[in-house]
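Student: Here you go, one structure.
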Amino acid sequence: MQVKNLLATTSGIVAVGAVIGVLASTLQHLGNPANMGICVACFERDIAGSLGLHRAAIVQYLRPEIIGLCLGAFLAAITFGEFKPRGGSAPAQRFVLGFIAMIGALVFLGCPWRALFRLGGGDWNALVGLAGLATGIYIGTLFFRAGFNLGGSKAQTKATGYVLPVIMLGLLALRLYFPQVQGQPNSGVLFYSTSGPGAAHAPLAVSLGVALVIGFLAQRSRFCSMGAFRDLFLFKQIHLMLGVLALVAGVFAANMYFGQFHAGFEGQPIAHNQHLWNFSGMVMAGLAFALAGGCPGRQIFLGGEGDADATMFVLGMIVGAAVSHNFGLASSGAGAGPNGPVAVAIGMFILLVIGFVNKNKA
Amino acid sequence: MKQIDARGLSCPQPVLLVKKAMASGENDSIEVLVDSAVAVENISRVASSLGWDVAATPKEDEVQLQLVQK
């Protein structure tokens with residue numbers, strides 16, 4: 001097993017964070033929705049829509065970024081001998097954690113990455129969301145201190161390890177076989193938004209290429225927005241946090257360059273300013289990420305490395321997105337969805353149960 | 001010498017186990033067996049920052065970490 005890894009050094013994680021920030025802002029410049037260069041939660045939600053798992057017409061697009069993130073991480077893992085099929089660490093609970101995390105993220109309207117992009121774009125509501133994220137992760141560290149543990153994973157067959165990369169290849173095949181038809185809401189089996197965020201996207205090749213690069217770099221550097229807060233609270237380690245700060249600096253600088261920085265709480269793109277729900281949605285998401293051991297991006301990278309447990313989390317997020325839009329849980333620019341608040345209450349209760357009952361011996 | 005088997009454990013468990021062993025004050029030398037490069041990096045980073053020497057011995061699919069208090 002290789003031990004040296006330059007991207008896992010302090011300068012490595014800072015460079016990767018900055019690169020993600022700049023590339024995300026660039027994707028926005030090239031067509032992706034505002035302050036949503038790469039939002040893992042939003043883009044998995046758009047994929048759920050493109051497959052018809054939910055029918056919210058404005059958020060249906062098979063985002064190549066998610067495919068690229070996974071395959072980039074897969075390539076890095078293969079290249080550096082880190083592709084290791086593994087699983088068996090509470091997969092069903094991880095599916096539930098992903099499901100609940102997505103509901104929380106869609107109450108806020110973004111994953112932790114998007115919270116950082118929103119901050120770097122001047123959307124001050126992101127500060128409320130990030131405060132919620134930090135609070136949720138802090139609650140997660142209390143569970144870890146009390147012995148919370150989802151149990152160890154074991155080596156699995158290669159077939160198990162390939163599940164998420166192969167799903168992504170399948171999605172890519174669908175995207176190529178059924179390309180968007182201008183102005184049409186369908187192409188073959190896929191749905192395509194004709195208006196709203198789902199209609200805003202950079203060219204396919206650019207989205208895919210950028211995400212491949214980010215996936216490759218992030219797998220090597222172990223970039224994780226949840227881990228940044230967790231390691232700070234749990235170990236007083238700022239390593240991952242430096243990457244997060246570099247990401248904000250990168251997206252801010254690029255936004256200034258592209259004229260995409262607009263400061264304020266009001267009228268921010270694909271955002272609402274109901275502080276209570278911005279905060280509590282992200283408390284719930286943050287706790288779910290913490291208990292599962294990674295932010296949505298990191299879970300995709302782990303899935304690309306052959307981690308079947310992370311794959312379950314990713315699939316849970318996609319199903320959670322479908323349910324969020326089918327049941328009126330997701331927020332919109334106008335504020336929380338009709339059933340969002342009750343979903344947060346139920347989701348928090350389930351997370352606390354998961355936190356209290358899992359005290360396995362390692 | 002305290003021995004820890006952290007194989008198969010994901011973040012942050014390996015580091016938590018190591019920190020617990022360090023905090024007990026009973027061990028000035030800890031041997032940790034891990035099976036992921038991430039665990040090697042995370043344990044090495046935390047141990048170094050707490051003033052422990054780290055020596056890594058790669059094996060086939062595993063790495064043995066020797067942590068010695070300076």
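By order of appearance in the structure tokens: chains A, B, ..., then residues from 1 within every chain, and ligands from 1 in the order shown.
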Fewer than 4 positions away in the same chain doesn't count, so skip those; otherwise give me all residues within 12 Å of Met22 (chain B), counting only C-alpha atoms, as a list in words.
Tutor: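 What passes the distance filter is Met1, Lys2, Gln3, Ile4, Val15, Leu16, Leu17, Val18, Glu26, Asn27, Asp28, Ser29, Ile30, Glu31, Val32, Ile43, Val46, Ala47, Leu50, Gly51, Trp52, Leu67, Val68 and Gln69 of chain B.
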Student: Would you give me, as CSV, each residue of chain B having an atom within 7 Å of an atom of chain A, along with its shortest atom pair and that distance in Å to one decimal, using only C-alpha atoms and sorting by chain and residue number?
Tutor:
```
residue,atom,partner,partner_atom,distance
B:Gly8,CA,A:Ser153,CA,4.7
B:Leu9,CA,A:Gly152,CA,4.7
B:Cys11,CA,A:Gly293,CA,5.9
B:Ala37,CA,A:Val3,CA,6.5
B:Pro58,CA,A:Met1,CA,5.7
B:Lys59,CA,A:Met1,CA,6.5
B:Glu60,CA,A:Met1,CA,6.2
B:Asp61,CA,A:Met1,CA,5.8
B:Glu62,CA,A:Met1,CA,6.5
B:Val63,CA,A:Met1,CA,7.0
```
Student: Just want the 10 Å neighbourhood of Asn273 (chain A), counted on only C-alpha atoms, with same-chain residues fewer than 6 positions away dropped. Output as a list of chain:residue names.
Tutor: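 In the requested form, the answer reads A:Phe108, A:Asp123, A:Trp124, A:Asn125, A:Ala126, A:Val128, A:Phe265, A:Glu266, A:Gly267, A:Gly333, A:Ala334, A:Gly335, A:Ala336.
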Student: Take the residues just selected and output them with all heavy atoms as a tab-separated table (two decimals), in the first residue's frame.
Tutor:
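As written to disk, result23.tsv reads:
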```tsv
chain	number	residue	atom	x	y	z
A	108	PHE	N	-33.02	23.34	3.00
A	108	PHE	CA	-32.12	24.50	2.91
A	108	PHE	C	-31.96	24.96	1.46
A	108	PHE	O	-31.81	26.15	1.18
A	108	PHE	CB	-30.75	24.12	3.48
A	108	PHE	CG	-29.64	25.06	3.12
A	108	PHE	CD1	-29.62	26.36	3.61
A	108	PHE	CD2	-28.60	24.66	2.29
A	108	PHE	CE1	-28.59	27.24	3.28
A	108	PHE	CE2	-27.57	25.52	1.95
A	108	PHE	CZ	-27.56	26.81	2.44
A	123	ASP	N	-24.56	35.19	-1.07
A	123	ASP	CA	-25.87	34.84	-0.49
A	123	ASP	C	-25.68	34.61	1.01
A	123	ASP	O	-25.24	33.54	1.43
A	123	ASP	CB	-26.41	33.57	-1.18
A	123	ASP	CG	-27.73	33.09	-0.57
A	123	ASP	OD1	-28.16	33.66	0.46
A	123	ASP	OD2	-28.30	32.14	-1.13
A	124	TRP	N	-26.04	35.61	1.80
A	124	TRP	CA	-25.76	35.52	3.25
A	124	TRP	C	-26.66	34.51	3.95
A	124	TRP	O	-26.38	34.12	5.08
A	124	TRP	CB	-25.90	36.90	3.91
A	124	TRP	CG	-25.00	37.97	3.35
A	124	TRP	CD1	-25.31	39.28	3.20
A	124	TRP	CD2	-23.64	37.84	2.87
A	124	TRP	NE1	-24.24	39.97	2.66
A	124	TRP	CE2	-23.22	39.11	2.44
A	124	TRP	CE3	-22.73	36.78	2.73
A	124	TRP	CZ2	-21.94	39.37	1.90
A	124	TRP	CZ3	-21.46	37.01	2.20
A	124	TRP	CH2	-21.08	38.29	1.80
A	125	ASN	N	-27.74	34.05	3.29
A	125	ASN	CA	-28.54	32.98	3.89
A	125	ASN	C	-27.69	31.72	4.08
A	125	ASN	O	-28.00	30.88	4.94
A	125	ASN	CB	-29.74	32.64	2.99
A	125	ASN	CG	-30.68	33.81	2.83
A	125	ASN	OD1	-31.24	34.30	3.80
A	125	ASN	ND2	-30.81	34.30	1.61
A	126	ALA	N	-26.63	31.63	3.28
A	126	ALA	CA	-25.75	30.47	3.40
A	126	ALA	C	-25.10	30.42	4.79
A	126	ALA	O	-24.82	29.34	5.31
A	126	ALA	CB	-24.66	30.51	2.32
A	128	VAL	N	-26.51	31.14	7.56
A	128	VAL	CA	-27.48	30.49	8.44
A	128	VAL	C	-27.43	28.97	8.23
A	128	VAL	O	-27.42	28.18	9.18
A	128	VAL	CB	-28.90	31.03	8.19
A	128	VAL	CG1	-29.91	30.38	9.12
A	128	VAL	CG2	-28.93	32.55	8.33
A	265	PHE	N	-29.34	39.14	1.56
A	265	PHE	CA	-30.22	38.05	2.00
A	265	PHE	C	-31.39	37.87	1.05
A	265	PHE	O	-31.92	36.78	0.88
A	265	PHE	CB	-30.79	38.35	3.40
A	265	PHE	CG	-29.85	38.04	4.53
A	265	PHE	CD1	-29.12	39.05	5.14
A	265	PHE	CD2	-29.71	36.75	5.00
A	265	PHE	CE1	-28.26	38.76	6.19
A	265	PHE	CE2	-28.85	36.45	6.06
A	265	PHE	CZ	-28.13	37.47	6.65
A	266	GLU	N	-31.81	38.97	0.42
A	266	GLU	CA	-33.05	38.97	-0.37
A	266	GLU	C	-32.76	38.65	-1.83
A	266	GLU	O	-31.72	39.03	-2.37
A	266	GLU	CB	-33.71	40.37	-0.32
A	266	GLU	CG	-33.97	40.90	1.08
A	266	GLU	CD	-35.18	40.25	1.74
A	266	GLU	OE1	-36.04	39.77	0.97
A	266	GLU	OE2	-35.24	40.23	2.97
A	267	GLY	N	-33.72	37.99	-2.45
A	267	GLY	CA	-33.68	37.79	-3.90
A	267	GLY	C	-32.50	36.98	-4.40
A	267	GLY	O	-32.07	37.14	-5.54
A	333	GLY	N	-37.92	28.92	-3.85
A	333	GLY	CA	-37.52	30.30	-3.61
A	333	GLY	C	-38.49	31.02	-2.68
A	333	GLY	O	-38.12	32.00	-2.02
A	334	ALA	N	-39.74	30.52	-2.60
A	334	ALA	CA	-40.75	31.16	-1.76
A	334	ALA	C	-40.62	30.76	-0.30
A	334	ALA	O	-41.22	31.39	0.58
A	334	ALA	CB	-42.14	30.80	-2.28
A	335	GLY	N	-39.90	29.68	-0.03
A	335	GLY	CA	-39.75	29.23	1.35
A	335	GLY	C	-39.94	27.74	1.49
A	335	GLY	O	-39.94	27.01	0.48
A	336	ALA	N	-40.12	27.30	2.72
A	336	ALA	CA	-40.24	25.87	3.00
A	336	ALA	C	-41.44	25.28	2.28
A	336	ALA	O	-42.46	25.94	2.09
A	336	ALA	CB	-40.35	25.63	4.50
```
Student: Running DSSP on the backbone, which parts of chain B land in strand (DSSP E or B), as a ChimeraX atom specification?
Tutor: /B:2-5,29-34,52-58,63-69
Student: Have a look at CA of Leu71 (chain A) and CA of Phe216 (chain A) and let me know their distance in Å, one decimal.
Tutor: 8.0 Å
Student: Excluding Phe356 (chain A) and its own-chain neighbours fewer than 5 positions away, which residues fall within 9 Å of it when counting only C-alpha atoms? Please give them as an MDAnalysis selection string.
Tutor: chainID A and resid 143 146 148 351
Student: Please save N, CA and C atoms of the selected residues as a PDB file, in the first residue's frame.
Tutor:
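Saved file part.pdb follows:
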```pdb
ATOM      1  N   PHE A 143     -22.301  12.167  19.611  1.00  0.00           N
ATOM      2  CA  PHE A 143     -22.583  10.734  19.507  1.00  0.00           C
ATOM      3  C   PHE A 143     -21.289   9.931  19.376  1.00  0.00           C
ATOM      4  N   ALA A 146     -19.688   9.495  22.558  1.00  0.00           N
ATOM      5  CA  ALA A 146     -20.422   8.566  23.413  1.00  0.00           C
ATOM      6  C   ALA A 146     -20.325   7.127  22.906  1.00  0.00           C
ATOM      7  N   PHE A 148     -20.726   6.117  19.463  1.00  0.00           N
ATOM      8  CA  PHE A 148     -21.479   5.787  18.242  1.00  0.00           C
ATOM      9  C   PHE A 148     -20.549   5.174  17.197  1.00  0.00           C
ATOM     10  N   LEU A 351     -32.897  10.314  13.164  1.00  0.00           N
ATOM     11  CA  LEU A 351     -31.440  10.435  13.305  1.00  0.00           C
ATOM     12  C   LEU A 351     -31.015  10.246  14.758  1.00  0.00           C
TER      13      LEU A 351
END
```
Student: Do you know which residues are at most 8 Å from Gly340 (chain A) counting only C-alpha atoms, after dropping those on the same chain fewer than 3 positions away, and could you put them as JSON, numbers by chain?
Tutor: {"A": [107, 328, 329, 330, 331, 336, 337, 343, 344]}
Student: Calculate how many Å separate CA of Gly304 (chain A) from CA of Leu51 (chain A), rounding to one decimal.
Tutor: 21.3 Å
Student: Find, counting only C-alpha atoms, the residue in A:Gly37, A:Gly110, A:Gly72, A:Gly132 that gets nearest to Ala321 (chain A).
Tutor: A:Gly110
Student: In Å to one decimal, how far is CA of Gly316 (chain A) from CA of Val166 (chain A)?
Tutor: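 Separation between CA of Val166 (chain A) and CA of Gly316 (chain A): 17.0 Å.
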